[in-house]
Structure formats: C-alpha cells, structure tokens
Amino acid sequence: MIDDQKSMDDLKWMNRALELAESAAAIGEVPVGAVVVSGNELIGEAHNSPISNNDACAHAEVLAIGLACKSEQNYRLPNSTMYVTLEPCAMCAGALVHARVERVVIAAREPRAGAAGSVLNVLQHPQLNHRCDIEFGLMEQQSAALLKGFFRARRKKDSPLG
C-alpha cells in the first residue's frame with residue numbers, strides 16, 4: 001500500500017513537472033519543468049526560462065530550488081524530492097547537492113550534458129559531502145516526446161524551407 005501511494009504521488013508530481021515543461025515550450029524555452037516536494041507538499045516549482053530572463057542560470061531546477069528554499073526559510077532542503085523532466089546539467093546537479101535534496105526523480109536522460117549519470121554523476125560523486133538518490137524513467141516517453149517535438153518545430157522554423 002505504501003509503495004502504491006508513493007507511486008501515485010510520484011506520478012502526480014511528475015505530471016506537474018510536465019505541465020511546467022509545456023509552459024516553457026509555449027514561450028519558446030526548452031521544455032524542462034521541475035517540482036520540489038517535501039512531505040508530499042509542493043514547496044517550489046519552475047520551468048526553464050534562461051531566454052526570457054536573460055539569465056544563463058535560470059534553469060528549472062535552480063529556480064525551483066530557490067523558491068523551495070524561500071518557502072522553507074532554509075538554504076537546505078533535507079527530506080525533499082525533486083521531480084524533473086530532463087536529467088540535470090552539472091550546474092543544476094551542483095545546486096541539488098548543495099541544497100541537500102534527498103531524492104531526484106528524472107523523466108528523461110540527457111546524453112549530451114546529463115550530470116546524474118549520463119555524462120558524469122555529480123549527484124552521487126563520492127568526494128562530495130552529500131549524495132542524492134536518483135530514479136530515472138518516470139514518464140520518460142512523455143518528456144522525451146515533448147522535447148523531440150519542441151526541437152523538431154524549432155529546426156523547421158529555422159530552416160530556409162520552414
């Protein structure tokens with residue numbers, strides 16, 4: 001029963017992260033959404049917005065962590081879980097480690113820049129003083145389809161024929 005409830009909660013929060021990713025895509029941002037939860041309560045959420053914010057650091061994960069820290073009035077987020085639609089980059093993985101996020105649930109791998117095991121593994125690096133538990137694959141197909149569709153449309157738009 002506990003595992004069934006955990007699975008239902010995981011689906012609920014990853015669905016929310018996908019909604020945020022869709023919001024990012026709607027404004028021309030790479031469709032990544034992130035949700036931070038503690039005690040099954042939302043404490044921070046965001047979507048990618050480096051283009052609209054003119055800020056290279058405005059990744060969904062970093063923004064969601066910032067909001068969660070403000071919500072909790074703590075720069076650490078023990079016992080929290082992040083749900084994210086795409087494997088974090090090194091910057092975002094570093095923020096997750098520094099914030100002491102306990103668990104990171106990732107929909108799709110990022111084979112070019114993923115820092116949760118695809119290219120490197122910042123989240124579980126043995127020399128760092130915190131390691132996050134990592135789970136891959138929840139709603140992977142939906143996230144991958146959203147990303148592929150976004151980049152397909154972008155290439156078509158940028159094409160001389162598009």
# chains A, B, ... in the order shown; residues from 1 in each chain; ligands from 1
call {"tool": "closest_atom_pairs", "arguments": {"of": "stretch 1-120 of chain A", "to": "stretch 150-156 of chain A", "cutoff": "8 Å", "atoms": "only C-alpha atoms", "output": "CSV"}}
result
residue,atom,partner,partner_atom,distance
A:Ala25,CA,A:Phe150,CA,6.8
A:Val30,CA,A:Phe150,CA,7.4
A:Pro31,CA,A:Phe150,CA,7.4
call {"tool": "write_last_selection", "arguments": {"atoms": "all heavy atoms", "output": "PDB file, in the first residue's frame"}}
result
ATOM      1  N   ALA A  25       7.772  25.425 -23.127  1.00  0.00           N
ATOM      2  CA  ALA A  25       7.737  25.286 -24.585  1.00  0.00           C
ATOM      3  C   ALA A  25       6.835  26.342 -25.217  1.00  0.00           C
ATOM      4  O   ALA A  25       7.165  26.894 -26.275  1.00  0.00           O
ATOM      5  CB  ALA A  25       7.261  23.888 -24.969  1.00  0.00           C
ATOM      6  N   VAL A  30      13.314  25.854 -23.759  1.00  0.00           N
ATOM      7  CA  VAL A  30      13.486  24.407 -23.786  1.00  0.00           C
ATOM      8  C   VAL A  30      12.554  23.814 -22.727  1.00  0.00           C
ATOM      9  O   VAL A  30      12.546  24.264 -21.577  1.00  0.00           O
ATOM     10  CB  VAL A  30      14.949  24.003 -23.526  1.00  0.00           C
ATOM     11  CG1 VAL A  30      15.087  22.492 -23.422  1.00  0.00           C
ATOM     12  CG2 VAL A  30      15.845  24.547 -24.638  1.00  0.00           C
ATOM     13  N   PRO A  31      11.722  22.854 -23.110  1.00  0.00           N
ATOM     14  CA  PRO A  31      10.680  22.360 -22.202  1.00  0.00           C
ATOM     15  C   PRO A  31      11.193  21.464 -21.076  1.00  0.00           C
ATOM     16  O   PRO A  31      11.231  20.247 -21.183  1.00  0.00           O
ATOM     17  CB  PRO A  31       9.735  21.598 -23.131  1.00  0.00           C
ATOM     18  CG  PRO A  31      10.589  21.176 -24.272  1.00  0.00           C
ATOM     19  CD  PRO A  31      11.623  22.252 -24.437  1.00  0.00           C
TER      20      PRO A  31
END
call {"tool": "residues_around", "arguments": {"residues": "A:Ala107", "least_positions_apart": "4", "cutoff": "7 Å", "atoms": "only C-alpha atoms", "output": "count of residues only"}}
result
9
call {"tool": "residues_around", "arguments": {"residues": "stretch 8-19 of chain A", "least_positions_apart": "4", "cutoff": "12 Å", "atoms": "only C-alpha atoms", "output": "JSON, numbers by chain"}}
result
{"A": [1, 2, 3, 4, 23, 24, 25, 26, 31, 32, 33, 34, 35, 36, 37, 38, 39, 40, 41, 42, 43, 44, 45, 46, 47, 48, 60, 61, 64, 81, 82, 83, 84, 85, 86, 103, 104, 105, 106, 107, 108, 135, 136, 137, 138, 139, 140, 141, 142, 143, 144, 145, 146, 147]}
call {"tool": "select_by_dssp", "arguments": {"residues": "chain A", "states": "helix (DSSP H, G or I)", "output": "PyMOL selection string"}}
result
chain A and resi 2-26+50-53+60-72+90-98+140-158
call {"tool": "closest_residue", "arguments": {"among": "A:Ile134, A:Cys69, A:Leu63, A:Ile51", "to": "A:Arg109", "atoms": "only C-alpha atoms"}}
result
A:Ile134
call {"tool": "closest_residue", "arguments": {"among": "A:His130, A:Cys92, A:Lys157, A:Glu72", "to": "A:Ala58", "atoms": "only C-alpha atoms"}}
result
A:Cys92
call {"tool": "atom_distance", "arguments": {"atom1": "atom CA of A:Cys132", "atom2": "atom CA of A:Glu102"}}
result
5.0 Å
call {"tool": "atom_distance", "arguments": {"atom1": "atom CA of A:Ala115", "atom2": "atom CA of A:Gly94"}}
result
8.8 Å
call {"tool": "atom_distance", "arguments": {"atom1": "atom CA of A:Asn121", "atom2": "atom CA of A:Pro88"}}
result
9.9 Å
call {"tool": "residues_around", "arguments": {"residues": "A:Cys89", "least_positions_apart": "2", "cutoff": "8 Å", "atoms": "only C-alpha atoms", "output": "list in words"}}
result
Glu87, Met91, Cys92, Ala93, Ala113, Gly114, Ala115 and Ala116 of chain A
call {"tool": "write_last_selection", "arguments": {"atoms": "N, CA and C atoms", "output": "PDB file, in the first residue's frame"}}
result
ATOM      1  N   GLU A  87      17.181  15.106 -17.254  1.00  0.00           N
ATOM      2  CA  GLU A  87      18.349  14.946 -16.386  1.00  0.00           C
ATOM      3  C   GLU A  87      19.074  16.277 -16.204  1.00  0.00           C
ATOM      4  N   MET A  91      25.485  22.268 -13.512  1.00  0.00           N
ATOM      5  CA  MET A  91      25.112  23.394 -12.660  1.00  0.00           C
ATOM      6  C   MET A  91      23.933  23.021 -11.769  1.00  0.00           C
ATOM      7  N   CYS A  92      22.908  22.450 -12.358  1.00  0.00           N
ATOM      8  CA  CYS A  92      21.703  22.090 -11.602  1.00  0.00           C
ATOM      9  C   CYS A  92      21.982  20.955 -10.620  1.00  0.00           C
ATOM     10  N   ALA A  93      22.786  19.993 -11.048  1.00  0.00           N
ATOM     11  CA  ALA A  93      23.148  18.898 -10.146  1.00  0.00           C
ATOM     12  C   ALA A  93      23.921  19.441  -8.950  1.00  0.00           C
ATOM     13  N   ALA A 113      24.635  16.214 -21.863  1.00  0.00           N
ATOM     14  CA  ALA A 113      25.077  17.076 -20.760  1.00  0.00           C
ATOM     15  C   ALA A 113      24.570  16.612 -19.399  1.00  0.00           C
ATOM     16  N   GLY A 114      24.015  15.420 -19.312  1.00  0.00           N
ATOM     17  CA  GLY A 114      23.431  14.951 -18.058  1.00  0.00           C
ATOM     18  C   GLY A 114      24.464  14.708 -16.972  1.00  0.00           C
ATOM     19  N   ALA A 115      24.175  15.241 -15.775  1.00  0.00           N
ATOM     20  CA  ALA A 115      25.116  15.123 -14.656  1.00  0.00           C
ATOM     21  C   ALA A 115      24.540  14.269 -13.527  1.00  0.00           C
ATOM     22  N   ALA A 116      23.670  13.313 -13.909  1.00  0.00           N
ATOM     23  CA  ALA A 116      23.141  12.341 -12.948  1.00  0.00           C
ATOM     24  C   ALA A 116      23.478  10.933 -13.409  1.00  0.00           C
TER      25      ALA A 116
END
call {"tool": "select_by_dssp", "arguments": {"residues": "stretch 9-91 of chain A", "states": "strand (DSSP E or B)", "output": "list in words"}}
result
Gly33, Ala34, Val35, Val36, Val37, Ser38, Glu41, Leu42, Ile43, Gly44, Glu45, Ala46, His47, Ser80, Thr81, Met82, Tyr83, Val84, Thr85 and Leu86 of chain A
call {"tool": "write_last_selection", "arguments": {"atoms": "N, CA, C and O atoms", "output": "mmCIF file, in the first residue's frame"}}
result
data_model
loop_
_atom_site.group_PDB
_atom_site.id
_atom_site.type_symbol
_atom_site.label_atom_id
_atom_site.label_comp_id
_atom_site.auth_asym_id
_atom_site.auth_seq_id
_atom_site.Cartn_x
_atom_site.Cartn_y
_atom_site.Cartn_z
ATOM 1 N N GLY A 33 10.649 21.146 -16.820
ATOM 2 C CA GLY A 33 9.932 21.568 -15.622
ATOM 3 C C GLY A 33 10.483 20.846 -14.419
ATOM 4 O O GLY A 33 10.937 19.703 -14.527
ATOM 5 N N ALA A 34 10.441 21.528 -13.266
ATOM 6 C CA ALA A 34 10.951 20.938 -12.025
ATOM 7 C C ALA A 34 10.032 21.298 -10.872
ATOM 8 O O ALA A 34 9.527 22.417 -10.795
ATOM 9 N N VAL A 35 9.827 20.325 -9.993
ATOM 10 C CA VAL A 35 8.969 20.477 -8.823
ATOM 11 C C VAL A 35 9.742 19.961 -7.619
ATOM 12 O O VAL A 35 10.340 18.890 -7.677
ATOM 13 N N VAL A 36 9.711 20.727 -6.517
ATOM 14 C CA VAL A 36 10.323 20.276 -5.264
ATOM 15 C C VAL A 36 9.209 20.042 -4.261
ATOM 16 O O VAL A 36 8.344 20.905 -4.063
ATOM 17 N N VAL A 37 9.245 18.871 -3.647
ATOM 18 C CA VAL A 37 8.195 18.428 -2.728
ATOM 19 C C VAL A 37 8.847 18.006 -1.410
ATOM 20 O O VAL A 37 9.903 17.384 -1.409
ATOM 21 N N SER A 38 8.192 18.338 -0.322
ATOM 22 C CA SER A 38 8.613 17.862 0.994
ATOM 23 C C SER A 38 7.367 17.446 1.755
ATOM 24 O O SER A 38 6.400 18.213 1.830
ATOM 25 N N GLU A 41 4.129 17.827 -0.011
ATOM 26 C CA GLU A 41 3.628 19.182 -0.240
ATOM 27 C C GLU A 41 4.565 19.915 -1.176
ATOM 28 O O GLU A 41 5.793 19.854 -1.017
ATOM 29 N N LEU A 42 3.986 20.616 -2.129
ATOM 30 C CA LEU A 42 4.767 21.413 -3.070
ATOM 31 C C LEU A 42 5.425 22.569 -2.322
ATOM 32 O O LEU A 42 4.750 23.331 -1.626
ATOM 33 N N ILE A 43 6.759 22.687 -2.477
ATOM 34 C CA ILE A 43 7.451 23.817 -1.851
ATOM 35 C C ILE A 43 8.171 24.694 -2.877
ATOM 36 O O ILE A 43 8.620 25.793 -2.541
ATOM 37 N N GLY A 44 8.273 24.236 -4.117
ATOM 38 C CA GLY A 44 8.881 25.042 -5.168
ATOM 39 C C GLY A 44 8.668 24.408 -6.524
ATOM 40 O O GLY A 44 8.695 23.182 -6.633
ATOM 41 N N GLU A 45 8.442 25.237 -7.526
ATOM 42 C CA GLU A 45 8.284 24.719 -8.887
ATOM 43 C C GLU A 45 8.684 25.794 -9.872
ATOM 44 O O GLU A 45 8.575 26.990 -9.583
ATOM 45 N N ALA A 46 9.163 25.361 -11.026
ATOM 46 C CA ALA A 46 9.568 26.314 -12.060
ATOM 47 C C ALA A 46 9.743 25.584 -13.382
ATOM 48 O O ALA A 46 9.819 24.358 -13.423
ATOM 49 N N HIS A 47 9.822 26.375 -14.439
ATOM 50 C CA HIS A 47 10.194 25.840 -15.749
ATOM 51 C C HIS A 47 11.403 26.617 -16.239
ATOM 52 O O HIS A 47 11.747 27.673 -15.694
ATOM 53 N N SER A 80 13.619 16.244 1.028
ATOM 54 C CA SER A 80 12.835 16.721 -0.116
ATOM 55 C C SER A 80 13.118 15.859 -1.345
ATOM 56 O O SER A 80 14.119 15.148 -1.421
ATOM 57 N N THR A 81 12.201 15.955 -2.295
ATOM 58 C CA THR A 81 12.327 15.264 -3.576
ATOM 59 C C THR A 81 12.131 16.269 -4.694
ATOM 60 O O THR A 81 11.222 17.095 -4.630
ATOM 61 N N MET A 82 12.986 16.196 -5.710
ATOM 62 C CA MET A 82 12.768 16.985 -6.923
ATOM 63 C C MET A 82 12.311 16.037 -8.023
ATOM 64 O O MET A 82 12.899 14.964 -8.228
ATOM 65 N N TYR A 83 11.264 16.454 -8.725
ATOM 66 C CA TYR A 83 10.789 15.781 -9.933
ATOM 67 C C TYR A 83 11.171 16.685 -11.082
ATOM 68 O O TYR A 83 10.810 17.868 -11.101
ATOM 69 N N VAL A 84 11.902 16.156 -12.043
ATOM 70 C CA VAL A 84 12.369 16.974 -13.163
ATOM 71 C C VAL A 84 12.228 16.181 -14.452
ATOM 72 O O VAL A 84 12.462 14.972 -14.488
ATOM 73 N N THR A 85 11.850 16.867 -15.511
ATOM 74 C CA THR A 85 11.529 16.197 -16.767
ATOM 75 C C THR A 85 12.749 15.811 -17.591
ATOM 76 O O THR A 85 12.642 14.974 -18.488
ATOM 77 N N LEU A 86 13.911 16.419 -17.297
ATOM 78 C CA LEU A 86 15.132 16.097 -18.033
ATOM 79 C C LEU A 86 16.290 16.041 -17.044
ATOM 80 O O LEU A 86 16.368 16.854 -16.118
#
call {"tool": "decode", "arguments": {"residues": "stretch 39-81 of chain A", "atoms": "N, CA and C atoms", "output": "PDB file, in the first residue's frame"}}
result
ATOM      1  N   GLY A  39       7.377  16.229   2.301  1.00  0.00           N
ATOM      2  CA  GLY A  39       6.193  15.741   2.995  1.00  0.00           C
ATOM      3  C   GLY A  39       4.966  15.720   2.102  1.00  0.00           C
ATOM      4  N   ASN A  40       5.172  15.426   0.829  1.00  0.00           N
ATOM      5  CA  ASN A  40       4.133  15.405  -0.205  1.00  0.00           C
ATOM      6  C   ASN A  40       3.425  16.752  -0.370  1.00  0.00           C
ATOM      7  N   GLU A  41       4.129  17.827  -0.011  1.00  0.00           N
ATOM      8  CA  GLU A  41       3.628  19.182  -0.240  1.00  0.00           C
ATOM      9  C   GLU A  41       4.565  19.915  -1.176  1.00  0.00           C
ATOM     10  N   LEU A  42       3.986  20.616  -2.129  1.00  0.00           N
ATOM     11  CA  LEU A  42       4.767  21.413  -3.070  1.00  0.00           C
ATOM     12  C   LEU A  42       5.425  22.569  -2.322  1.00  0.00           C
ATOM     13  N   ILE A  43       6.759  22.687  -2.477  1.00  0.00           N
ATOM     14  CA  ILE A  43       7.451  23.817  -1.851  1.00  0.00           C
ATOM     15  C   ILE A  43       8.171  24.694  -2.877  1.00  0.00           C
ATOM     16  N   GLY A  44       8.273  24.236  -4.117  1.00  0.00           N
ATOM     17  CA  GLY A  44       8.881  25.042  -5.168  1.00  0.00           C
ATOM     18  C   GLY A  44       8.668  24.408  -6.524  1.00  0.00           C
ATOM     19  N   GLU A  45       8.442  25.237  -7.526  1.00  0.00           N
ATOM     20  CA  GLU A  45       8.284  24.719  -8.887  1.00  0.00           C
ATOM     21  C   GLU A  45       8.684  25.794  -9.872  1.00  0.00           C
ATOM     22  N   ALA A  46       9.163  25.361 -11.026  1.00  0.00           N
ATOM     23  CA  ALA A  46       9.568  26.314 -12.060  1.00  0.00           C
ATOM     24  C   ALA A  46       9.743  25.584 -13.382  1.00  0.00           C
ATOM     25  N   HIS A  47       9.822  26.375 -14.439  1.00  0.00           N
ATOM     26  CA  HIS A  47      10.194  25.840 -15.749  1.00  0.00           C
ATOM     27  C   HIS A  47      11.403  26.617 -16.239  1.00  0.00           C
ATOM     28  N   ASN A  48      12.046  26.079 -17.241  1.00  0.00           N
ATOM     29  CA  ASN A  48      13.199  26.755 -17.828  1.00  0.00           C
ATOM     30  C   ASN A  48      12.808  28.160 -18.257  1.00  0.00           C
ATOM     31  N   SER A  49      13.695  29.124 -18.012  1.00  0.00           N
ATOM     32  CA  SER A  49      13.439  30.480 -18.512  1.00  0.00           C
ATOM     33  C   SER A  49      14.714  31.293 -18.702  1.00  0.00           C
ATOM     34  N   PRO A  50      15.826  30.676 -19.145  1.00  0.00           N
ATOM     35  CA  PRO A  50      17.028  31.477 -19.375  1.00  0.00           C
ATOM     36  C   PRO A  50      16.876  32.498 -20.498  1.00  0.00           C
ATOM     37  N   ILE A  51      16.101  32.173 -21.520  1.00  0.00           N
ATOM     38  CA  ILE A  51      15.928  33.094 -22.641  1.00  0.00           C
ATOM     39  C   ILE A  51      15.081  34.289 -22.204  1.00  0.00           C
ATOM     40  N   SER A  52      13.926  34.010 -21.628  1.00  0.00           N
ATOM     41  CA  SER A  52      13.024  35.100 -21.238  1.00  0.00           C
ATOM     42  C   SER A  52      13.577  35.924 -20.076  1.00  0.00           C
ATOM     43  N   ASN A  53      14.424  35.326 -19.229  1.00  0.00           N
ATOM     44  CA  ASN A  53      15.020  36.060 -18.108  1.00  0.00           C
ATOM     45  C   ASN A  53      16.401  36.621 -18.434  1.00  0.00           C
ATOM     46  N   ASN A  54      16.910  36.328 -19.650  1.00  0.00           N
ATOM     47  CA  ASN A  54      18.272  36.734 -19.993  1.00  0.00           C
ATOM     48  C   ASN A  54      19.246  36.328 -18.881  1.00  0.00           C
ATOM     49  N   ASP A  55      19.150  35.060 -18.499  1.00  0.00           N
ATOM     50  CA  ASP A  55      19.931  34.552 -17.381  1.00  0.00           C
ATOM     51  C   ASP A  55      20.311  33.102 -17.657  1.00  0.00           C
ATOM     52  N   ALA A  56      21.589  32.863 -17.901  1.00  0.00           N
ATOM     53  CA  ALA A  56      22.061  31.508 -18.200  1.00  0.00           C
ATOM     54  C   ALA A  56      21.784  30.536 -17.066  1.00  0.00           C
ATOM     55  N   CYS A  57      21.578  31.038 -15.863  1.00  0.00           N
ATOM     56  CA  CYS A  57      21.352  30.183 -14.689  1.00  0.00           C
ATOM     57  C   CYS A  57      19.879  29.919 -14.413  1.00  0.00           C
ATOM     58  N   ALA A  58      18.988  30.428 -15.232  1.00  0.00           N
ATOM     59  CA  ALA A  58      17.545  30.302 -14.983  1.00  0.00           C
ATOM     60  C   ALA A  58      17.000  28.965 -15.480  1.00  0.00           C
ATOM     61  N   HIS A  59      17.667  27.886 -15.067  1.00  0.00           N
ATOM     62  CA  HIS A  59      17.173  26.547 -15.370  1.00  0.00           C
ATOM     63  C   HIS A  59      16.066  26.203 -14.383  1.00  0.00           C
ATOM     64  N   ALA A  60      15.172  25.334 -14.800  1.00  0.00           N
ATOM     65  CA  ALA A  60      14.024  24.956 -13.975  1.00  0.00           C
ATOM     66  C   ALA A  60      14.439  24.490 -12.587  1.00  0.00           C
ATOM     67  N   GLU A  61      15.471  23.647 -12.528  1.00  0.00           N
ATOM     68  CA  GLU A  61      15.893  23.086 -11.246  1.00  0.00           C
ATOM     69  C   GLU A  61      16.382  24.169 -10.288  1.00  0.00           C
ATOM     70  N   VAL A  62      17.226  25.065 -10.773  1.00  0.00           N
ATOM     71  CA  VAL A  62      17.788  26.127  -9.927  1.00  0.00           C
ATOM     72  C   VAL A  62      16.677  27.055  -9.436  1.00  0.00           C
ATOM     73  N   LEU A  63      15.767  27.405 -10.322  1.00  0.00           N
ATOM     74  CA  LEU A  63      14.663  28.290  -9.928  1.00  0.00           C
ATOM     75  C   LEU A  63      13.750  27.617  -8.910  1.00  0.00           C
ATOM     76  N   ALA A  64      13.448  26.338  -9.135  1.00  0.00           N
ATOM     77  CA  ALA A  64      12.582  25.604  -8.194  1.00  0.00           C
ATOM     78  C   ALA A  64      13.257  25.458  -6.828  1.00  0.00           C
ATOM     79  N   ILE A  65      14.556  25.208  -6.815  1.00  0.00           N
ATOM     80  CA  ILE A  65      15.285  25.119  -5.550  1.00  0.00           C
ATOM     81  C   ILE A  65      15.230  26.455  -4.817  1.00  0.00           C
ATOM     82  N   GLY A  66      15.443  27.540  -5.531  1.00  0.00           N
ATOM     83  CA  GLY A  66      15.397  28.862  -4.909  1.00  0.00           C
ATOM     84  C   GLY A  66      14.052  29.146  -4.266  1.00  0.00           C
ATOM     85  N   LEU A  67      12.982  28.818  -4.968  1.00  0.00           N
ATOM     86  CA  LEU A  67      11.635  29.028  -4.418  1.00  0.00           C
ATOM     87  C   LEU A  67      11.373  28.115  -3.224  1.00  0.00           C
ATOM     88  N   ALA A  68      11.854  26.882  -3.307  1.00  0.00           N
ATOM     89  CA  ALA A  68      11.671  25.948  -2.196  1.00  0.00           C
ATOM     90  C   ALA A  68      12.428  26.419  -0.956  1.00  0.00           C
ATOM     91  N   CYS A  69      13.644  26.898  -1.150  1.00  0.00           N
ATOM     92  CA  CYS A  69      14.425  27.407  -0.013  1.00  0.00           C
ATOM     93  C   CYS A  69      13.724  28.604   0.637  1.00  0.00           C
ATOM     94  N   LYS A  70      13.177  29.481  -0.177  1.00  0.00           N
ATOM     95  CA  LYS A  70      12.424  30.619   0.376  1.00  0.00           C
ATOM     96  C   LYS A  70      11.198  30.131   1.142  1.00  0.00           C
ATOM     97  N   SER A  71      10.489  29.171   0.555  1.00  0.00           N
ATOM     98  CA  SER A  71       9.291  28.623   1.188  1.00  0.00           C
ATOM     99  C   SER A  71       9.615  27.997   2.544  1.00  0.00           C
ATOM    100  N   GLU A  72      10.730  27.286   2.601  1.00  0.00           N
ATOM    101  CA  GLU A  72      11.129  26.589   3.819  1.00  0.00           C
ATOM    102  C   GLU A  72      11.948  27.478   4.760  1.00  0.00           C
ATOM    103  N   GLN A  73      12.311  28.659   4.280  1.00  0.00           N
ATOM    104  CA  GLN A  73      13.177  29.579   5.031  1.00  0.00           C
ATOM    105  C   GLN A  73      14.443  28.864   5.492  1.00  0.00           C
ATOM    106  N   ASN A  74      15.032  28.140   4.520  1.00  0.00           N
ATOM    107  CA  ASN A  74      16.230  27.364   4.805  1.00  0.00           C
ATOM    108  C   ASN A  74      16.967  27.144   3.484  1.00  0.00           C
ATOM    109  N   TYR A  75      18.263  27.305   3.501  1.00  0.00           N
ATOM    110  CA  TYR A  75      19.023  27.063   2.277  1.00  0.00           C
ATOM    111  C   TYR A  75      19.292  25.579   2.051  1.00  0.00           C
ATOM    112  N   ARG A  76      18.871  24.761   2.973  1.00  0.00           N
ATOM    113  CA  ARG A  76      18.951  23.307   2.841  1.00  0.00           C
ATOM    114  C   ARG A  76      17.541  22.746   2.733  1.00  0.00           C
ATOM    115  N   LEU A  77      17.407  21.685   1.967  1.00  0.00           N
ATOM    116  CA  LEU A  77      16.093  21.058   1.741  1.00  0.00           C
ATOM    117  C   LEU A  77      16.139  19.568   2.092  1.00  0.00           C
ATOM    118  N   PRO A  78      16.453  19.236   3.348  1.00  0.00           N
ATOM    119  CA  PRO A  78      16.513  17.817   3.725  1.00  0.00           C
ATOM    120  C   PRO A  78      15.138  17.165   3.580  1.00  0.00           C
ATOM    121  N   ASN A  79      15.147  15.898   3.304  1.00  0.00           N
ATOM    122  CA  ASN A  79      13.905  15.120   3.157  1.00  0.00           C
ATOM    123  C   ASN A  79      13.026  15.603   2.009  1.00  0.00           C
ATOM    124  N   SER A  80      13.619  16.244   1.028  1.00  0.00           N
ATOM    125  CA  SER A  80      12.835  16.721  -0.116  1.00  0.00           C
ATOM    126  C   SER A  80      13.118  15.859  -1.345  1.00  0.00           C
ATOM    127  N   THR A  81      12.201  15.955  -2.295  1.00  0.00           N
ATOM    128  CA  THR A  81      12.327  15.264  -3.576  1.00  0.00           C
ATOM    129  C   THR A  81      12.131  16.269  -4.694  1.00  0.00           C
TER     130      THR A  81
END
